[in-house]
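Structure record follows, encoded as structure tokens.
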Amino acid sequence: MSTALKPPPGPAAAPERPSAVTATALARSAAARRRRGSRLKLWAGSVCTLLVVLPIALASVLPLPGPDHQDLGRRRLAPLTDGHLFGTDQLGRDLLSRVLHGGQVSLTIGVLAVLVSGVIGLTAGAAAGYFGGWVDAVVSRLLEAQLSLPLLMMLLLVVALFEPSIPVITAVIAIAQWPEVARLTRSLVLVEREKPYVASARVLGLRRVGILLRHIVPNVIGQASLVVLLLLAQAVLLESALSYLGAGPQRPFATWGRIISDGQDYITTSWWLVTLPGLVIVLLVVGVNLIGDGLRDRTRTRRPTAEVTS
């Protein structure tokens, strides 16, 4: 009769100790506060932006009078009078309709300008950062030369030389904004080109242009796009400033800057002619900036986690 050998008893398992990092401590950490702050910025920025963008996009289908329809018998009506939510201007035109239709022009110029400036800045910055040499020298000198000039004065000079139309204003703002994208892209590419995956791609025999377009640019375009988003608010402000000074798109286009310029003579008696269009501009600029800041904070909080896990 054989007896089964029993294994010697092992050491007793140590009782589990409660972790010192509690859920309350995690909720109070700096990383958790940054995540909550980024979510709050994204939520608030989206609400502010949609409050402006959606009515502008639907301006043609909303039950509003035409932006150029005049009724001299209803001049300078206060807001919420006779169905005019924003009141009327000095010619009896519905102010809300003019603000919404003017926003279509201002936003079109702003979006087109940041897209063009983003493409130019991304191309020039990526080439300067990756190839170096004379390419980097030329791009850097162009950046320094343009950044040394007063922005608004340069825009007024260029617009004065050409007809102040929508394509000209778009091109002028795009040329004025590309250095911001180019500087950031150049610095990001300088970091990326020294990483091991770029050296591995060179060893495999990939061409330099292929490495730049297929591997480096996709890794930096996300952060560069955040700057492009923030430049949208600046483009809208620049277009409004040019229109306010009389260098924007000419009539019959009703831009935000011209609406404020036309109503400034009545600011003491009809405050809404300047205040309400200005509040719309402020709401859009604040909303876009909050979205950009929230996205930037989210990328900063995710980056350390990704580096630790890798």
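Identifiers in this document derive from the order of the structure tokens: chains are assigned A, B, ..., residues are numbered from 1 separately in each chain, and ligands are numbered from 1 in order of occurrence.
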
Which residues are close to Gly118 in chain A, i.e. within 12 Å by only C-alpha atoms, leaving aside same-chain residues fewer than 2 positions away? Reply as number ranges by chain.
A: 110-116, 120-126, 173-185, 221-232

Close residues, Leu156 in chain A itself excluded, 12 Å, only C-alpha atoms, min 2 positions apart in chain, as a compact mmCIF listing (two decimals) with all heavy atoms, in the first residue's frame:
```
# COMPACT_ATOMS: atom_id res chain seq x y z
N PRO A 150 5.27 94.98 -38.25
CA PRO A 150 3.97 95.12 -37.56
C PRO A 150 2.87 94.43 -38.36
O PRO A 150 2.70 94.71 -39.56
CB PRO A 150 3.77 96.63 -37.49
CG PRO A 150 5.13 97.22 -37.68
CD PRO A 150 5.87 96.27 -38.57
N LEU A 151 2.13 93.54 -37.72
CA LEU A 151 1.19 92.69 -38.44
C LEU A 151 0.09 93.50 -39.12
O LEU A 151 -0.13 93.40 -40.33
CB LEU A 151 0.58 91.66 -37.49
CG LEU A 151 -0.45 90.70 -38.09
CD1 LEU A 151 0.16 89.91 -39.23
CD2 LEU A 151 -0.99 89.77 -37.01
N LEU A 152 -0.62 94.31 -38.36
CA LEU A 152 -1.75 95.04 -38.91
C LEU A 152 -1.32 96.05 -39.97
O LEU A 152 -1.99 96.22 -41.00
CB LEU A 152 -2.54 95.74 -37.80
CG LEU A 152 -3.88 96.35 -38.19
CD1 LEU A 152 -4.80 95.29 -38.79
CD2 LEU A 152 -4.54 96.99 -36.98
N MET A 153 -0.20 96.72 -39.75
CA MET A 153 0.29 97.68 -40.73
C MET A 153 0.67 96.98 -42.03
O MET A 153 0.42 97.50 -43.13
CB MET A 153 1.49 98.44 -40.16
CG MET A 153 1.17 99.31 -38.96
SD MET A 153 -0.05 100.60 -39.34
CE MET A 153 0.86 101.56 -40.55
N MET A 154 1.25 95.80 -41.93
CA MET A 154 1.61 95.05 -43.13
C MET A 154 0.35 94.63 -43.90
O MET A 154 0.30 94.71 -45.13
CB MET A 154 2.43 93.82 -42.75
CG MET A 154 2.88 92.98 -43.94
SD MET A 154 3.69 91.46 -43.43
CE MET A 154 2.33 90.60 -42.64
N VAL A 158 -0.63 95.79 -47.78
CA VAL A 158 -0.87 94.85 -48.87
C VAL A 158 -2.27 95.04 -49.44
O VAL A 158 -2.48 95.01 -50.66
CB VAL A 158 -0.66 93.40 -48.38
CG1 VAL A 158 -1.02 92.41 -49.47
CG2 VAL A 158 0.78 93.20 -47.94
N VAL A 159 -3.26 95.22 -48.56
CA VAL A 159 -4.63 95.42 -49.03
C VAL A 159 -4.76 96.71 -49.82
O VAL A 159 -5.52 96.79 -50.80
CB VAL A 159 -5.61 95.39 -47.83
CG1 VAL A 159 -7.00 95.80 -48.26
CG2 VAL A 159 -5.64 94.01 -47.21
N ALA A 160 -4.00 97.74 -49.43
CA ALA A 160 -4.07 99.01 -50.15
C ALA A 160 -3.51 98.88 -51.57
O ALA A 160 -3.90 99.64 -52.46
CB ALA A 160 -3.31 100.09 -49.39
N LEU A 161 -2.59 97.94 -51.79
CA LEU A 161 -2.01 97.76 -53.11
C LEU A 161 -2.91 96.97 -54.04
O LEU A 161 -2.74 97.03 -55.26
CB LEU A 161 -0.65 97.06 -52.98
CG LEU A 161 0.43 97.84 -52.21
CD1 LEU A 161 1.69 96.99 -52.09
CD2 LEU A 161 0.74 99.16 -52.89
N PHE A 162 -3.84 96.21 -53.49
CA PHE A 162 -4.72 95.37 -54.29
C PHE A 162 -6.17 95.70 -53.93
O PHE A 162 -6.45 96.41 -52.97
CB PHE A 162 -4.45 93.88 -54.04
CG PHE A 162 -3.03 93.47 -54.34
CD1 PHE A 162 -2.07 93.45 -53.34
CD2 PHE A 162 -2.65 93.13 -55.63
CE1 PHE A 162 -0.77 93.07 -53.61
CE2 PHE A 162 -1.35 92.76 -55.91
CZ PHE A 162 -0.40 92.73 -54.90
N GLU A 163 -7.07 95.14 -54.71
CA GLU A 163 -8.49 95.35 -54.43
C GLU A 163 -8.88 94.56 -53.19
O GLU A 163 -8.58 93.35 -53.09
CB GLU A 163 -9.33 94.89 -55.62
CG GLU A 163 -10.83 95.09 -55.41
CD GLU A 163 -11.63 94.57 -56.59
OE1 GLU A 163 -11.00 94.07 -57.55
OE2 GLU A 163 -12.86 94.63 -56.54
N PRO A 164 -9.54 95.18 -52.21
CA PRO A 164 -9.89 94.46 -50.96
C PRO A 164 -11.06 93.51 -51.16
O PRO A 164 -12.17 93.75 -50.70
CB PRO A 164 -10.24 95.59 -50.00
CG PRO A 164 -10.70 96.70 -50.88
CD PRO A 164 -9.90 96.60 -52.14
N VAL A 168 -8.32 88.27 -51.82
CA VAL A 168 -7.15 89.04 -51.40
C VAL A 168 -7.03 89.05 -49.89
O VAL A 168 -5.93 88.82 -49.33
CB VAL A 168 -7.22 90.47 -51.96
CG1 VAL A 168 -6.11 91.34 -51.37
CG2 VAL A 168 -7.12 90.46 -53.48
N ILE A 169 -8.14 89.29 -49.18
CA ILE A 169 -8.10 89.29 -47.71
C ILE A 169 -7.70 87.92 -47.18
O ILE A 169 -6.90 87.80 -46.24
CB ILE A 169 -9.47 89.70 -47.15
CG1 ILE A 169 -9.86 91.10 -47.64
CG2 ILE A 169 -9.46 89.66 -45.63
CD1 ILE A 169 -8.92 92.18 -47.20
N VAL A 172 -3.94 87.43 -47.77
CA VAL A 172 -3.15 88.30 -46.90
C VAL A 172 -3.09 87.74 -45.47
O VAL A 172 -2.02 87.67 -44.85
CB VAL A 172 -3.73 89.72 -46.92
CG1 VAL A 172 -3.12 90.56 -45.80
CG2 VAL A 172 -3.46 90.38 -48.25
N ILE A 173 -4.23 87.31 -44.95
CA ILE A 173 -4.25 86.76 -43.59
C ILE A 173 -3.48 85.44 -43.54
O ILE A 173 -2.76 85.15 -42.56
CB ILE A 173 -5.70 86.58 -43.12
CG1 ILE A 173 -6.39 87.94 -43.01
CG2 ILE A 173 -5.75 85.86 -41.77
CD1 ILE A 173 -7.85 87.85 -42.61
N ALA A 176 0.13 86.15 -43.43
CA ALA A 176 0.51 86.73 -42.15
C ALA A 176 0.59 85.68 -41.04
O ALA A 176 1.32 85.88 -40.06
CB ALA A 176 -0.49 87.82 -41.75
N LEU A 238 -8.53 89.49 -37.21
CA LEU A 238 -7.84 90.29 -38.22
C LEU A 238 -8.80 90.74 -39.31
O LEU A 238 -8.75 91.90 -39.76
CB LEU A 238 -6.70 89.46 -38.83
CG LEU A 238 -5.48 89.24 -37.95
CD1 LEU A 238 -4.47 88.32 -38.64
CD2 LEU A 238 -4.82 90.56 -37.58
N GLU A 239 -9.68 89.85 -39.75
CA GLU A 239 -10.65 90.24 -40.77
C GLU A 239 -11.59 91.32 -40.23
O GLU A 239 -11.92 92.27 -40.95
CB GLU A 239 -11.45 89.02 -41.21
CG GLU A 239 -12.35 89.24 -42.41
CD GLU A 239 -13.66 89.92 -42.05
OE1 GLU A 239 -14.14 89.69 -40.91
OE2 GLU A 239 -14.19 90.67 -42.89
N ALA A 241 -10.89 93.49 -37.91
CA ALA A 241 -10.13 94.73 -37.79
C ALA A 241 -9.97 95.41 -39.15
O ALA A 241 -10.10 96.64 -39.27
CB ALA A 241 -8.75 94.45 -37.18
N LEU A 242 -9.67 94.62 -40.19
CA LEU A 242 -9.54 95.21 -41.52
C LEU A 242 -10.87 95.80 -42.00
O LEU A 242 -10.91 96.88 -42.59
CB LEU A 242 -9.05 94.14 -42.50
CG LEU A 242 -7.60 93.67 -42.33
CD1 LEU A 242 -7.30 92.54 -43.30
CD2 LEU A 242 -6.63 94.81 -42.53
N SER A 243 -11.97 95.08 -41.75
CA SER A 243 -13.28 95.60 -42.16
C SER A 243 -13.64 96.85 -41.37
O SER A 243 -14.25 97.78 -41.91
CB SER A 243 -14.35 94.52 -41.96
OG SER A 243 -14.09 93.39 -42.76
N TYR A 244 -13.29 96.89 -40.10
CA TYR A 244 -13.57 98.07 -39.29
C TYR A 244 -12.82 99.29 -39.82
O TYR A 244 -13.35 100.41 -39.81
CB TYR A 244 -13.18 97.80 -37.84
CG TYR A 244 -13.37 98.98 -36.92
CD1 TYR A 244 -14.62 99.28 -36.40
CD2 TYR A 244 -12.30 99.79 -36.57
CE1 TYR A 244 -14.81 100.37 -35.57
CE2 TYR A 244 -12.46 100.87 -35.74
CZ TYR A 244 -13.72 101.16 -35.24
OH TYR A 244 -13.89 102.25 -34.41
N LEU A 245 -11.60 99.07 -40.31
CA LEU A 245 -10.80 100.17 -40.84
C LEU A 245 -11.12 100.49 -42.30
O LEU A 245 -10.48 101.36 -42.89
CB LEU A 245 -9.31 99.85 -40.70
CG LEU A 245 -8.80 99.69 -39.26
CD1 LEU A 245 -7.35 99.23 -39.25
CD2 LEU A 245 -8.95 101.00 -38.49
N GLY A 246 -12.08 99.77 -42.88
CA GLY A 246 -12.47 100.04 -44.26
C GLY A 246 -11.66 99.31 -45.30
O GLY A 246 -11.80 99.59 -46.50
N ALA A 247 -10.80 98.35 -44.88
CA ALA A 247 -9.96 97.61 -45.82
C ALA A 247 -10.44 96.18 -46.01
O ALA A 247 -9.71 95.39 -46.59
CB ALA A 247 -8.51 97.61 -45.33
N GLY A 248 -11.62 95.86 -45.55
CA GLY A 248 -12.15 94.52 -45.71
C GLY A 248 -12.92 94.37 -47.00
O GLY A 248 -12.90 95.25 -47.87
```

Residue with the minimum atom-to-atom distance to Val274 in chain A, picked from A:Gly257, A:Gly133, A:Pro63, A:Gly45 with only C-alpha atoms counted, is A:Gly257

Selection: 12 Å around Val288 in chain A, only C-alpha atoms, excl. self and same-chain fewer than 5 positions, as a ChimeraX atom specification: /A:41-53,226-236,281-283,293-295

Mind giving me the straight-line distance from CA of Asp71 in chain A to CA of His101 in chain A in Å, one decimal?
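Distance reported for this atom pair: 18.1 Å.
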
- [ ] Check range 3-195 of chain A with DSSP on the backbone and list each residue it calls strand (DSSP E or B), as a list in words.
- [x] Thr81, His84, Thr88 and Asp94 of chain A

Keeping N, CA and C atoms for every residue in the selection just given, could you write it to a file as a tab-separated table (two decimals), in the first residue's frame?
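Dumped to again-v2.tsv:
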```
chain	number	residue	atom	x	y	z
A	81	THR	N	-37.76	94.05	-29.80
A	81	THR	CA	-38.85	94.95	-30.16
A	81	THR	C	-39.39	94.56	-31.53
A	84	HIS	N	-37.69	91.79	-33.54
A	84	HIS	CA	-36.26	91.94	-33.86
A	84	HIS	C	-35.45	91.58	-32.60
A	88	THR	N	-32.77	96.83	-34.56
A	88	THR	CA	-32.48	97.26	-35.93
A	88	THR	C	-31.39	98.32	-35.90
A	94	ASP	N	-32.58	94.57	-39.96
A	94	ASP	CA	-32.55	93.66	-38.82
A	94	ASP	C	-31.10	93.36	-38.46
```

request  = For CA of Ala127 in chain A and CA of Val203 in chain A, determine how far apart the two atoms are, in Å to one decimal place.
outcome  =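 Separating CA of Ala127 in chain A from CA of Val203 in chain A is a distance of 20.7 Å.
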
Give the alpha helix (DSSP H) residues of range 189-265 of chain A, as DSSP finds them on the backbone, and put them as an MDAnalysis selection string. chainID A and resid 189:192 196:203 208:211 217:244 256:263

Note to self: Env of Leu91 in chain A: 6 Å cut, atoms = only C-alpha atoms, seq-sep filter 3 positions within chain, self excluded. Answer as number ranges by chain.
What the structure shows: A: 70, 72, 75

Store the residues picked out above, limited to all heavy atoms, as a JSON list (two decimals), in the first residue's frame.
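Heads up, here's the output in selection01.json:
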```
[["chain", "number", "residue", "atom", "x", "y", "z"],
["A", 70, "GLN", "N", -34.28, 97.35, -45.90],
["A", 70, "GLN", "CA", -34.37, 98.58, -45.11],
["A", 70, "GLN", "C", -35.82, 98.95, -44.84],
["A", 70, "GLN", "O", -36.69, 98.75, -45.68],
["A", 70, "GLN", "CB", -33.69, 99.74, -45.85],
["A", 70, "GLN", "CG", -32.21, 99.51, -46.15],
["A", 70, "GLN", "CD", -31.58, 100.68, -46.87],
["A", 70, "GLN", "OE1", -32.19, 101.75, -46.97],
["A", 70, "GLN", "NE2", -30.36, 100.50, -47.33],
["A", 72, "LEU", "N", -37.10, 102.36, -43.02],
["A", 72, "LEU", "CA", -36.73, 103.60, -42.31],
["A", 72, "LEU", "C", -37.70, 103.95, -41.20],
["A", 72, "LEU", "O", -37.36, 104.73, -40.31],
["A", 72, "LEU", "CB", -36.64, 104.75, -43.32],
["A", 72, "LEU", "CG", -35.57, 104.59, -44.41],
["A", 72, "LEU", "CD1", -35.59, 105.80, -45.34],
["A", 72, "LEU", "CD2", -34.20, 104.39, -43.81],
["A", 75, "ARG", "N", -36.19, 102.45, -37.60],
["A", 75, "ARG", "CA", -34.77, 102.68, -37.38],
["A", 75, "ARG", "C", -34.44, 102.59, -35.89],
["A", 75, "ARG", "O", -35.17, 103.10, -35.05],
["A", 75, "ARG", "CB", -34.36, 104.04, -37.92],
["A", 75, "ARG", "CG", -34.42, 104.15, -39.44],
["A", 75, "ARG", "CD", -34.00, 105.52, -39.89],
["A", 75, "ARG", "NE", -34.91, 106.56, -39.35],
["A", 75, "ARG", "CZ", -34.71, 107.86, -39.49],
["A", 75, "ARG", "NH1", -33.63, 108.29, -40.10],
["A", 75, "ARG", "NH2", -35.59, 108.71, -39.00]]
```
